[in-house]
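As stored in work23.csv (CSV, C-alpha atoms and all ligand atoms):
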chain,number,residue,atom,x,y,z
X,1,MET,CA,0.0,0.0,0.0
X,2,SER,CA,1.2,3.5,-0.8
X,3,LYS,CA,2.5,5.7,2.1
X,4,LEU,CA,0.5,8.8,2.8
X,5,THR,CA,3.6,10.8,2.4
X,6,ASP,CA,3.8,10.0,-1.4
X,7,ASP,CA,3.2,13.0,-3.5
X,8,TYR,CA,0.6,12.8,-6.3
X,9,GLY,CA,3.1,12.3,-9.1
X,10,THR,CA,4.8,9.4,-7.3
X,11,PHE,CA,1.5,7.8,-6.5
X,12,VAL,CA,0.4,8.0,-10.1
X,13,SER,CA,3.7,6.5,-11.3
X,14,LYS,CA,3.3,3.6,-8.9
X,15,LEU,CA,-0.3,3.0,-10.1
X,16,GLN,CA,0.9,3.0,-13.7
X,17,ARG,CA,3.7,0.5,-12.9
X,18,ILE,CA,1.2,-1.8,-11.2
X,19,ALA,CA,-1.2,-1.4,-14.1
X,20,ALA,CA,1.5,-2.2,-16.6
X,21,GLU,CA,2.4,-5.4,-14.7
X,22,ARG,CA,-1.2,-6.4,-14.9
X,23,CYS,CA,-1.7,-5.2,-18.4
X,24,GLN,CA,-4.6,-3.0,-17.3
X,25,PRO,CA,-5.6,-0.1,-19.6
X,26,LEU,CA,-5.4,2.5,-16.7
X,27,SER,CA,-4.7,5.6,-18.8
X,28,GLY,CA,-6.7,6.4,-22.0
X,29,THR,CA,-6.5,9.2,-24.5
X,30,PHE,CA,-9.6,10.0,-26.6
X,31,GLU,CA,-8.6,12.2,-29.6
X,32,LEU,CA,-12.1,13.5,-30.2
X,33,THR,CA,-11.2,15.3,-33.4
X,34,GLY,CA,-8.3,15.8,-35.7
X,35,ARG,CA,-9.5,19.3,-36.6
X,36,CYS,CA,-8.1,22.5,-35.1
X,37,ASN,CA,-8.8,26.2,-35.5
X,38,HIS,CA,-5.0,26.9,-35.6
X,39,ALA,CA,-2.7,26.0,-38.4
X,40,CYS,CA,0.6,25.5,-36.5
X,41,SER,CA,3.5,24.4,-38.8
X,42,MET,CA,4.9,22.0,-36.2
X,43,CYS,CA,1.6,20.2,-35.4
X,44,TYR,CA,1.6,16.4,-35.7
X,45,ILE,CA,-2.2,16.0,-36.2
X,46,SER,CA,-4.1,19.2,-37.2
X,47,ARG,CA,-6.6,19.4,-40.0
X,48,PRO,CA,-8.7,22.4,-41.0
X,49,VAL,CA,-11.9,22.9,-39.0
X,50,SER,CA,-13.9,22.7,-42.3
X,51,ASP,CA,-12.3,19.3,-43.3
X,52,SER,CA,-15.5,17.5,-44.4
X,53,ALA,CA,-13.7,14.2,-44.9
X,54,ALA,CA,-12.6,14.3,-41.3
X,55,ILE,CA,-16.0,15.4,-40.0
X,56,VAL,CA,-17.8,12.4,-41.4
X,57,ARG,CA,-15.3,10.0,-39.8
X,58,GLU,CA,-15.7,11.5,-36.3
X,59,LEU,CA,-17.5,9.4,-33.7
X,60,SER,CA,-20.9,10.5,-32.2
X,61,ALA,CA,-21.2,11.4,-28.5
X,62,ASP,CA,-23.1,8.1,-27.9
X,63,ILE,CA,-20.3,6.0,-29.4
X,64,TRP,CA,-17.6,7.8,-27.2
X,65,ILE,CA,-19.7,7.2,-24.1
X,66,GLU,CA,-20.1,3.6,-24.9
X,67,ILE,CA,-16.3,3.2,-25.5
X,68,ALA,CA,-15.7,4.9,-22.1
X,69,ARG,CA,-18.2,2.5,-20.4
X,70,GLN,CA,-16.3,-0.5,-21.8
X,71,ALA,CA,-12.9,1.1,-21.0
X,72,LYS,CA,-14.1,1.7,-17.4
X,73,ASP,CA,-15.0,-2.0,-17.1
X,74,GLU,CA,-11.5,-2.9,-18.2
X,75,GLY,CA,-9.9,-0.6,-15.6
X,76,MET,CA,-9.5,2.9,-17.1
X,77,LEU,CA,-9.2,5.6,-14.5
X,78,PHE,CA,-7.3,8.4,-16.2
X,79,LEU,CA,-8.9,9.9,-19.3
X,80,LEU,CA,-7.4,12.6,-21.4
X,81,LEU,CA,-9.7,14.4,-23.9
X,82,THR,CA,-7.8,16.0,-26.7
X,83,GLY,CA,-7.8,16.8,-30.4
X,84,GLY,CA,-7.1,18.6,-32.7
X,85,GLU,CA,-8.9,21.3,-30.7
X,86,ILE,CA,-11.7,19.8,-28.6
X,87,PHE,CA,-13.9,23.0,-28.6
X,88,VAL,CA,-14.4,22.9,-32.4
X,89,LEU,CA,-16.8,20.1,-31.7
X,90,PRO,CA,-20.4,21.4,-31.4
X,91,ASP,CA,-21.3,18.3,-29.3
X,92,PHE,CA,-18.3,18.5,-27.0
X,93,PHE,CA,-20.4,18.8,-23.8
X,94,GLU,CA,-22.7,15.9,-24.9
X,95,ILE,CA,-19.5,13.8,-24.7
X,96,TYR,CA,-17.9,15.5,-21.7
X,97,ARG,CA,-20.9,15.8,-19.3
X,98,PRO,CA,-21.7,12.0,-19.1
X,99,LEU,CA,-18.0,11.2,-18.8
X,100,THR,CA,-17.7,13.4,-15.7
X,101,GLY,CA,-20.3,11.1,-13.9
X,102,MET,CA,-18.3,7.9,-14.6
X,103,GLY,CA,-15.6,8.2,-12.0
X,104,PHE,CA,-12.7,9.1,-14.3
X,105,LEU,CA,-9.9,11.6,-13.5
X,106,ILE,CA,-10.4,13.7,-16.6
X,107,SER,CA,-7.8,16.0,-18.2
X,108,LEU,CA,-8.5,18.3,-21.2
X,109,TYR,CA,-5.9,19.6,-23.7
X,110,THR,CA,-7.0,22.8,-25.5
X,111,ASN,CA,-5.5,26.0,-27.0
X,112,ALA,CA,-8.2,27.9,-25.0
X,113,THR,CA,-9.0,30.3,-27.9
X,114,LEU,CA,-12.6,29.0,-28.2
X,115,VAL,CA,-13.2,29.1,-24.4
X,116,THR,CA,-15.9,31.7,-24.0
X,117,ASP,CA,-17.5,32.7,-20.7
X,118,SER,CA,-20.3,30.3,-21.5
X,119,ILE,CA,-18.0,27.4,-22.1
X,120,ALA,CA,-16.0,28.2,-18.9
X,121,ASP,CA,-19.3,28.3,-17.0
X,122,LYS,CA,-20.2,24.8,-18.3
X,123,LEU,CA,-16.8,23.5,-17.4
X,124,ALA,CA,-17.0,25.0,-13.9
X,125,GLU,CA,-20.3,23.1,-13.3
X,126,THR,CA,-18.4,19.8,-13.5
X,127,PRO,CA,-14.7,20.8,-13.6
X,128,PRO,CA,-12.2,18.4,-15.0
X,129,HIS,CA,-9.3,17.2,-12.9
X,130,ARG,CA,-7.1,19.5,-15.0
X,131,ILE,CA,-7.0,21.6,-18.1
X,132,GLU,CA,-3.7,22.0,-20.0
X,133,VAL,CA,-3.6,25.0,-22.2
X,134,SER,CA,-1.0,25.1,-25.0
X,135,LEU,CA,0.9,28.3,-25.4
X,136,TYR,CA,2.8,29.4,-28.5
X,137,GLY,CA,4.3,32.8,-27.6
X,138,ALA,CA,4.2,35.7,-25.2
X,139,ASN,CA,2.9,38.3,-27.6
X,140,THR,CA,0.6,38.7,-30.5
X,141,ARG,CA,3.4,38.7,-33.2
X,142,THR,CA,5.2,35.5,-32.0
X,143,TYR,CA,2.0,33.6,-31.0
X,144,GLU,CA,0.3,34.3,-34.4
X,145,THR,CA,3.5,33.5,-36.4
X,146,VAL,CA,3.2,30.0,-34.9
X,147,THR,CA,-0.6,29.6,-35.1
X,148,ARG,CA,-1.0,31.5,-38.4
X,149,VAL,CA,-4.4,32.7,-37.2
X,150,PRO,CA,-4.9,36.5,-36.7
X,151,GLY,CA,-6.6,37.3,-33.4
X,152,SER,CA,-5.7,34.0,-31.8
X,153,PHE,CA,-3.3,35.4,-29.1
X,154,LYS,CA,-6.0,37.7,-27.7
X,155,ARG,CA,-8.6,34.9,-27.7
X,156,CYS,CA,-6.2,32.6,-25.9
X,157,MET,CA,-5.5,35.2,-23.2
X,158,LYS,CA,-9.3,35.7,-22.7
X,159,GLY,CA,-9.9,31.9,-22.6
X,160,ILE,CA,-7.2,31.4,-19.9
X,161,GLU,CA,-8.6,34.3,-17.9
X,162,ALA,CA,-12.1,32.8,-18.1
X,163,LEU,CA,-10.8,29.5,-16.7
X,164,VAL,CA,-8.7,31.1,-14.0
X,165,LYS,CA,-11.6,33.3,-12.9
X,166,ARG,CA,-13.6,30.2,-12.2
X,167,ASP,CA,-10.8,28.5,-10.2
X,168,ILE,CA,-10.6,25.6,-12.7
X,169,ASN,CA,-7.3,23.7,-12.3
X,170,VAL,CA,-5.3,25.0,-15.3
X,171,GLY,CA,-1.7,24.5,-16.3
X,172,LEU,CA,0.2,26.2,-19.2
X,173,LYS,CA,2.4,24.1,-21.5
X,174,ALA,CA,4.5,25.9,-24.1
X,175,THR,CA,5.4,24.1,-27.3
X,176,ILE,CA,8.9,25.5,-28.1
X,177,THR,CA,9.9,26.0,-31.7
X,178,ARG,CA,12.5,28.1,-33.4
X,179,GLN,CA,9.9,30.8,-33.9
X,180,ASN,CA,9.2,31.3,-30.1
X,181,VAL,CA,12.2,30.0,-28.3
X,182,ASP,CA,13.3,33.5,-27.4
X,183,GLU,CA,10.1,34.0,-25.4
X,184,LEU,CA,10.4,31.0,-23.1
X,185,ASP,CA,11.2,33.2,-20.1
X,186,ALA,CA,8.4,35.6,-21.0
X,187,MET,CA,5.9,32.7,-21.3
X,188,GLN,CA,7.0,31.5,-17.9
X,189,LYS,CA,6.4,34.9,-16.5
X,190,MET,CA,2.8,34.9,-17.9
X,191,ALA,CA,2.2,31.6,-16.0
X,192,ARG,CA,3.5,33.2,-12.8
X,193,HIS,CA,1.3,36.2,-13.4
X,194,TRP,CA,-1.8,33.9,-13.3
X,195,GLY,CA,-0.3,31.7,-10.5
X,196,LEU,CA,-0.4,28.7,-12.9
X,197,PRO,CA,2.1,25.8,-13.3
X,198,PHE,CA,4.2,25.9,-16.4
X,199,THR,CA,5.9,23.2,-18.6
X,200,ALA,CA,7.7,23.5,-21.9
X,201,SER,CA,8.3,20.9,-24.5
X,202,TRP,CA,10.6,21.1,-27.5
X,203,LEU,CA,10.7,17.5,-28.8
X,204,LEU,CA,8.6,17.8,-32.0
X,205,THR,CA,7.5,14.8,-33.9
X,206,ARG,CA,6.4,14.4,-37.5
X,207,ARG,CA,2.8,14.0,-38.5
X,208,ALA,CA,1.5,10.6,-37.6
X,209,ASP,CA,-0.8,10.5,-40.7
X,210,GLY,CA,2.2,10.8,-43.1
X,211,MET,CA,1.0,14.2,-44.5
X,212,PRO,CA,3.8,16.7,-45.2
X,213,SER,CA,5.2,18.4,-42.2
X,214,GLU,CA,7.2,21.6,-41.7
X,215,ILE,CA,9.0,20.2,-38.7
X,216,GLU,CA,12.5,20.8,-39.9
X,217,GLU,CA,11.9,24.6,-39.8
X,218,CYS,CA,10.5,24.4,-36.3
X,219,ARG,CA,12.8,22.0,-34.4
X,220,LEU,CA,15.4,23.5,-32.1
X,221,THR,CA,19.0,22.6,-32.7
X,222,PRO,CA,20.3,20.0,-30.2
X,223,SER,CA,22.4,22.6,-28.4
X,224,GLU,CA,19.4,25.0,-28.0
X,225,ALA,CA,17.2,22.1,-26.8
X,226,ILE,CA,19.6,20.7,-24.3
X,227,ALA,CA,20.4,24.3,-23.0
X,228,ILE,CA,16.7,24.5,-22.1
X,229,GLU,CA,16.5,21.0,-20.7
X,230,ALA,CA,19.5,21.6,-18.5
X,231,SER,CA,17.6,24.2,-16.6
X,232,ASP,CA,15.1,21.5,-15.4
X,233,PRO,CA,16.7,19.7,-12.4
X,234,TYR,CA,14.2,16.7,-12.7
X,235,ALA,CA,15.1,16.2,-16.4
X,236,VAL,CA,18.8,16.4,-15.6
X,237,GLU,CA,18.4,13.9,-12.8
X,238,GLU,CA,16.6,11.5,-15.1
X,239,TRP,CA,19.3,11.6,-17.8
X,240,CYS,CA,22.1,11.4,-15.3
X,241,GLY,CA,20.5,8.4,-13.7
X,242,GLY,CA,19.8,5.4,-15.8
X,243,GLY,CA,18.1,7.2,-18.8
X,244,VAL,CA,14.8,6.0,-20.1
X,245,VAL,CA,15.5,3.3,-22.8
X,246,SER,CA,15.4,-0.3,-21.7
X,247,LYS,CA,17.7,-2.6,-23.7
X,248,THR,CA,15.2,-5.5,-23.3
X,249,ASP,CA,11.9,-3.8,-24.0
X,250,ASN,CA,11.2,-2.2,-27.4
X,251,PHE,CA,8.6,0.2,-25.9
X,252,TYR,CA,9.9,1.6,-22.6
X,253,CYS,CA,6.8,3.6,-22.0
X,254,GLN,CA,3.4,2.3,-20.8
X,255,ALA,CA,1.9,2.1,-24.3
X,256,GLY,CA,0.0,-1.2,-24.8
X,257,ARG,CA,0.6,-2.2,-21.2
X,258,ALA,CA,-1.2,0.5,-19.2
X,259,SER,CA,-2.1,3.2,-21.7
X,260,PHE,CA,-3.7,3.6,-25.1
X,261,VAL,CA,-5.0,6.2,-27.5
X,262,ILE,CA,-8.2,6.1,-29.5
X,263,ASP,CA,-8.2,8.4,-32.5
X,264,PHE,CA,-11.2,10.4,-33.9
X,265,THR,CA,-12.3,7.5,-36.1
X,266,GLY,CA,-12.3,5.0,-33.2
X,267,ALA,CA,-9.0,3.3,-34.0
X,268,MET,CA,-7.0,2.2,-30.9
X,269,ASN,CA,-3.3,3.0,-31.3
X,270,VAL,CA,0.0,2.8,-29.4
X,271,CYS,CA,0.1,6.6,-28.8
X,272,SER,CA,-0.7,9.9,-30.6
X,273,ASP,CA,2.6,9.7,-32.4
X,274,PHE,CA,2.2,6.1,-33.6
X,275,PRO,CA,-1.0,5.3,-35.5
X,276,ALA,CA,-0.8,1.5,-35.2
X,277,PRO,CA,-2.3,-1.1,-34.9
X,278,GLY,CA,-5.5,0.8,-35.6
X,279,ALA,CA,-7.8,-1.6,-33.8
X,280,LYS,CA,-11.4,-0.4,-34.5
X,281,VAL,CA,-13.1,-0.1,-31.1
X,282,PRO,CA,-16.6,0.6,-32.4
X,283,ASP,CA,-16.5,-2.6,-34.5
X,284,ILE,CA,-14.8,-5.1,-32.3
X,285,GLY,CA,-15.3,-3.6,-28.8
X,286,PHE,CA,-12.8,-2.2,-26.3
X,287,ARG,CA,-11.5,-5.5,-24.9
X,288,LYS,CA,-10.6,-7.0,-28.2
X,289,ALA,CA,-9.0,-3.7,-29.4
X,290,TRP,CA,-6.9,-3.6,-26.2
X,291,GLU,CA,-5.8,-7.2,-26.8
X,292,GLU,CA,-4.9,-6.4,-30.3
X,293,LEU,CA,-2.8,-3.4,-29.1
X,294,ARG,CA,-1.1,-5.6,-26.5
X,295,ARG,CA,-0.2,-8.2,-29.1
X,296,PHE,CA,1.2,-5.5,-31.4
X,297,VAL,CA,3.4,-4.0,-28.7
X,298,GLU,CA,4.7,-7.4,-27.6
X,299,GLY,CA,5.4,-8.4,-31.2
X,300,ALA,CA,7.2,-5.2,-32.1
X,301,PRO,CA,10.9,-5.6,-33.1
X,302,LYS,CA,13.6,-5.1,-30.5
X,303,LEU,CA,16.1,-2.3,-30.6
X,304,SER,CA,18.4,-2.4,-33.6
X,305,ALA,CA,22.0,-3.7,-33.2
X,306,GLU,CA,23.2,-0.1,-33.8
X,307,CYS,CA,21.2,1.3,-30.9
X,308,LEU,CA,22.1,-1.7,-28.6
X,309,ASP,CA,25.8,-1.0,-29.2
X,310,CYS,CA,25.4,2.8,-29.0
X,311,ASP,CA,27.6,4.5,-26.3
X,312,VAL,CA,25.1,7.3,-25.8
X,313,ILE,CA,22.0,5.1,-25.4
X,314,LYS,CA,21.4,6.2,-21.8
X,315,TYR,CA,21.0,9.8,-23.2
X,316,CYS,CA,18.5,8.8,-25.9
X,317,ALA,CA,14.7,8.4,-26.1
X,318,ILE,CA,14.6,6.1,-29.1
X,319,CYS,CA,11.4,4.0,-29.4
X,320,PRO,CA,9.6,2.2,-32.3
X,321,ALA,CA,7.3,5.3,-32.8
X,322,TRP,CA,10.3,7.5,-33.5
X,323,SER,CA,12.0,5.0,-35.8
X,324,TYR,CA,8.7,4.5,-37.7
X,325,LEU,CA,7.9,8.3,-38.0
X,326,GLU,CA,11.4,9.2,-39.2
X,327,ASN,CA,12.5,6.1,-41.2
X,328,GLY,CA,9.3,4.1,-41.9
X,329,LYS,CA,10.4,1.0,-40.0
X,330,MET,CA,9.9,0.2,-36.3
X,331,ALA,CA,13.6,-0.2,-35.4
X,332,GLY,CA,16.8,1.7,-36.2
X,333,SER,CA,18.5,5.0,-35.2
X,334,VAL,CA,17.0,8.4,-35.7
X,335,ASP,CA,19.4,11.2,-36.7
X,336,TYR,CA,17.7,13.9,-34.7
X,337,LEU,CA,17.7,11.8,-31.5
X,338,CYS,CA,21.3,10.7,-32.1
X,339,SER,CA,22.4,14.4,-32.2
X,340,ILE,CA,20.4,15.2,-29.1
X,341,ALA,CA,21.8,12.2,-27.2
X,342,HIS,CA,25.4,13.2,-28.1
X,343,GLU,CA,24.6,16.8,-26.9
X,344,ARG,CA,23.3,15.5,-23.6
X,345,LYS,CA,26.4,13.4,-23.0
X,346,LYS,CA,28.6,16.4,-23.8
X,347,ARG,CA,26.7,18.7,-21.5
X,348,TYR,CA,25.9,16.4,-18.6
X,349,GLU,CA,29.2,14.5,-18.4
X,350,SER,CA,31.2,17.8,-18.4
X,351,GLN,CA,29.1,18.9,-15.3
X,352,LYS,CA,30.2,15.9,-13.2
X,401,LIG,S1,6.4,8.2,-28.7
X,401,LIG,FE1,7.4,6.3,-28.1
X,401,LIG,S2,7.9,6.5,-26.0
X,401,LIG,FE2,6.4,8.1,-26.5
X,401,LIG,S3,4.4,7.2,-26.0
X,401,LIG,FE3,4.8,6.8,-28.2
X,401,LIG,S4,5.7,4.8,-28.2
X,401,LIG,FE4,5.9,5.5,-26.1
X,402,LIG,S1,18.9,6.6,-31.9
X,402,LIG,FE1,21.1,7.1,-32.1
X,402,LIG,S2,21.6,7.9,-30.1
X,402,LIG,FE2,19.7,6.8,-29.8
X,402,LIG,S3,20.3,4.7,-29.2
X,402,LIG,FE3,20.1,4.7,-31.4
X,402,LIG,S4,22.1,5.1,-32.3
X,402,LIG,FE4,22.1,5.7,-30.1
Could you write out this structure as structure tokens?
Ligand code: SF4
Ligand code: SF4
Amino acid sequence: MSKLTDDYGTFVSKLQRIAAERCQPLSGTFELTGRCNHACSMCYISRPVSDSAAIVRELSADIWIEIARQAKDEGMLFLLLTGGEIFVLPDFFEIYRPLTGMGFLISLYTNATLVTDSIADKLAETPPHRIEVSLYGANTRTYETVTRVPGSFKRCMKGIEALVKRDINVGLKATITRQNVDELDAMQKMARHWGLPFTASWLLTRRADGMPSEIEECRLTPSEAIAIEASDPYAVEEWCGGGVVSKTDNFYCQAGRASFVIDFTGAMNVCSDFPAPGAKVPDIGFRKAWEELRRFVEGAPKLSAECLDCDVIKYCAICPAWSYLENGKMAGSVDYLCSIAHERKKRYESQK
């Protein structure tokens, strides 16, 4: 049994470890839509709001609720609702409200630009466990250079304020690109101004659907990225400890053991970055889809010989999803991750 002194993060990690040992789908992500009202060049998923081919493939509220019911029976506790942008869905609250009565710890990812007072009021009636708002800059010029939508910065600020005013548990997470990296401190200051927790991520992945991506113009150089990472003591501790990759498991994360993603068409996948095996939950039911995902993860190829022999593997985050997205096969080195791993080694070993 967990000690009362454990903090929440440690407690959740323990739960996830236990769930992974039991192969229980503890953490689910429902990607309710692939559509978004922004057009960010680094995005791995976004389609235009008016994309009619995507709209017709989206699931109805009833189907999402039924999937959630089946997932609950199999042991899901943590549920993330994300997109695309969840508030482009006119029936979002027809999905959200019933889910809040099912005992899940629900998190929402949003860019907050569509959060009006009326939406914030509805959220405040049955607040989620947490809302994470993506941030793309600290002023109009930078933010809208990334989102490519005029007026989006102001709408984001108003949306965040509407949530904060209602005491909803909000965190800000900045996606760092070459276009906004100089505003990292300013974005952190914005979070402090509202008294909100702040995180920043810079590891940008290619589009999972194979559509063209402008990622090369957005990714930080390895030295820029590791300079940011080095200011986070938890990240440094992780990399200076044993690292993350296991030489025996192909997937070192919880995917297919304690976590899953269901995309807007109802396909269950490894994670948002890896659209496989695509087990159709509405057709075969949650349990069979989960079994298919587990078989897929267990059968995935092991690390390549090159990675197993690599002298910077403890500084690397290679996984089958990265190999697949960058090189089209599920094992093998990834140039961007190699250069990041070498940069980590240089930086962290010189600090010892
Ligand atoms: S990107 Fe790789 S490590 Fe991350 S969740 Fe997907 S499979 Fe796991
Ligand atoms: S991706 Fe590159 S750095 Fe990472 S383990 Fe493989 S060879 Fe090493």
Within 8 Å of ligand LIG 401 (chain X), which residues of chain X come that close, and what is the closest atom pair and distance in Å for each? Count all atoms listed in the file and give it as a tab-separated table.
residue	atom	partner	partner_atom	distance
X:Phe251	CA	X:LIG401	S4	5.9
X:Tyr252	CA	X:LIG401	S2	6.3
X:Cys253	CA	X:LIG401	FE4	4.6
X:Gln254	CA	X:LIG401	FE4	6.7
X:Ala255	CA	X:LIG401	FE4	5.5
X:Val270	CA	X:LIG401	S4	6.2
X:Cys271	CA	X:LIG401	FE3	4.7
X:Ser272	CA	X:LIG401	FE3	6.8
X:Asp273	CA	X:LIG401	S1	5.5
X:Phe274	CA	X:LIG401	FE3	6.0
X:Ala317	CA	X:LIG401	S2	7.1
X:Ile318	CA	X:LIG401	FE1	7.3
X:Cys319	CA	X:LIG401	FE1	4.8
X:Pro320	CA	X:LIG401	S4	6.2
X:Ala321	CA	X:LIG401	FE1	4.8
X:Trp322	CA	X:LIG401	S1	6.2
Find the spatial neighbours of Glu31 of chain X, counting all atoms listed in the file, within a cut-off of 10 Å - ignore same-chain residues fewer than 5 positions away - and output them as a PyMOL selection string.
chain X and resi 45+58+80-86+109+261-267+272
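For the set X:Cys23, X:Gln188, X:Cys218, X:Ala174, the residue with the smallest atom-to-atom gap to Leu293 of chain X is X:Cys23, counting all atoms listed in the file.
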Excluding segment 164-166 of chain X and residues on its chain fewer than 3 positions from it, collect all residues at most 9 Å away from it, counting all atoms listed in the file, and give them as a list in words.
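Returned residues: Ala120, Asp121, Ala124, Gly159, Ile160, Glu161, Asn169, Val170, Trp194 and Leu196 of chain X.
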For Thr145 of chain X, which residue out of X:His38, X:Lys173, X:Arg47, X:Lys72 is the nearest one, using only C-alpha atoms?
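Once distances to Thr145 of chain X are computed over only C-alpha atoms, the minimum belongs to X:His38.
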Could you list, as JSON, numbers by chain, every residue within 10 Å of Phe104 of chain X, counting only C-alpha atoms and ignoring same-chain residues fewer than 4 positions away?
{"X": [27, 68, 72, 76, 77, 78, 79, 80, 99, 100, 128, 129]}
With C-alpha atoms retained, could you export that selection as a PDB file, in the frame of the given file?
ATOM      1  CA  SER X  27      -4.700   5.600 -18.800  1.00  0.00           C
ATOM      2  CA  ALA X  68     -15.700   4.900 -22.100  1.00  0.00           C
ATOM      3  CA  LYS X  72     -14.100   1.700 -17.400  1.00  0.00           C
ATOM      4  CA  MET X  76      -9.500   2.900 -17.100  1.00  0.00           C
ATOM      5  CA  LEU X  77      -9.200   5.600 -14.500  1.00  0.00           C
ATOM      6  CA  PHE X  78      -7.300   8.400 -16.200  1.00  0.00           C
ATOM      7  CA  LEU X  79      -8.900   9.900 -19.300  1.00  0.00           C
ATOM      8  CA  LEU X  80      -7.400  12.600 -21.400  1.00  0.00           C
ATOM      9  CA  LEU X  99     -18.000  11.200 -18.800  1.00  0.00           C
ATOM     10  CA  THR X 100     -17.700  13.400 -15.700  1.00  0.00           C
ATOM     11  CA  PRO X 128     -12.200  18.400 -15.000  1.00  0.00           C
ATOM     12  CA  HIS X 129      -9.300  17.200 -12.900  1.00  0.00           C
TER      13      HIS X 129
END
For Ile65 of chain X, which of X:Arg97, X:Arg207, X:Arg148, X:Lys158 is the closest residue, counting only C-alpha atoms?
X:Arg97
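Residues lying at most 10 Å from (3.9, -6.6, -19.5) in file coordinates, with all atoms listed in the file considered, are Arg17, Ile18, Ala19, Ala20, Glu21, Arg22, Cys23, Gln24, Asp249, Gln254, Gly256, Arg257, Ala258, Arg294, Val297 and Glu298 of chain X.
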Using only C-alpha atoms and all ligand atoms, which residues of the polymer chains come no farther than 6 Å from ligand LIG 402 (chain X)? I'd like the answer as a PDB file with C-alpha atoms, in the coordinates of the input.
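out36.pdb was written with the following content:
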ATOM      1  CA  GLU X 306      23.200  -0.100 -33.800  1.00  0.00           C
ATOM      2  CA  CYS X 307      21.200   1.300 -30.900  1.00  0.00           C
ATOM      3  CA  CYS X 310      25.400   2.800 -29.000  1.00  0.00           C
ATOM      4  CA  VAL X 312      25.100   7.300 -25.800  1.00  0.00           C
ATOM      5  CA  ILE X 313      22.000   5.100 -25.400  1.00  0.00           C
ATOM      6  CA  CYS X 316      18.500   8.800 -25.900  1.00  0.00           C
ATOM      7  CA  ILE X 318      14.600   6.100 -29.100  1.00  0.00           C
ATOM      8  CA  SER X 333      18.500   5.000 -35.200  1.00  0.00           C
ATOM      9  CA  VAL X 334      17.000   8.400 -35.700  1.00  0.00           C
ATOM     10  CA  LEU X 337      17.700  11.800 -31.500  1.00  0.00           C
ATOM     11  CA  CYS X 338      21.300  10.700 -32.100  1.00  0.00           C
ATOM     12  CA  ALA X 341      21.800  12.200 -27.200  1.00  0.00           C
TER      13      ALA X 341
END
Could you name the residues that touch Cys240 of chain X at 10 Å or less, counting all atoms listed in the file, but leaving out those on the same chain fewer than 5 positions away, as a compact mmCIF listing (two decimals) with C-alpha atoms, in the frame of the given file?
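Saved to around.txt:
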# COMPACT_ATOMS: atom_id res chain seq x y z
CA TYR X 234 14.20 16.70 -12.70
CA ALA X 235 15.10 16.20 -16.40
CA LYS X 314 21.40 6.20 -21.80
CA TYR X 315 21.00 9.80 -23.20
CA ARG X 344 23.30 15.50 -23.60
CA LYS X 345 26.40 13.40 -23.00
CA TYR X 348 25.90 16.40 -18.60
CA GLU X 349 29.20 14.50 -18.40
CA LYS X 352 30.20 15.90 -13.20
Box time for segment 31-37 of chain X: axis-aligned, enclosing all its listed atoms, 8 Å extra on each side; report centre and edge lengths in Å to one decimal, as lines of an AutoDock Vina configuration file.
center_x = -10.1
center_y = 19.2
center_z = -33.1
size_x = 20.0
size_y = 30.0
size_z = 23.0
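Counting from atom CA of Glu214 of chain X, the distance to atom CA of Asn180 of chain X is 15.3 Å.
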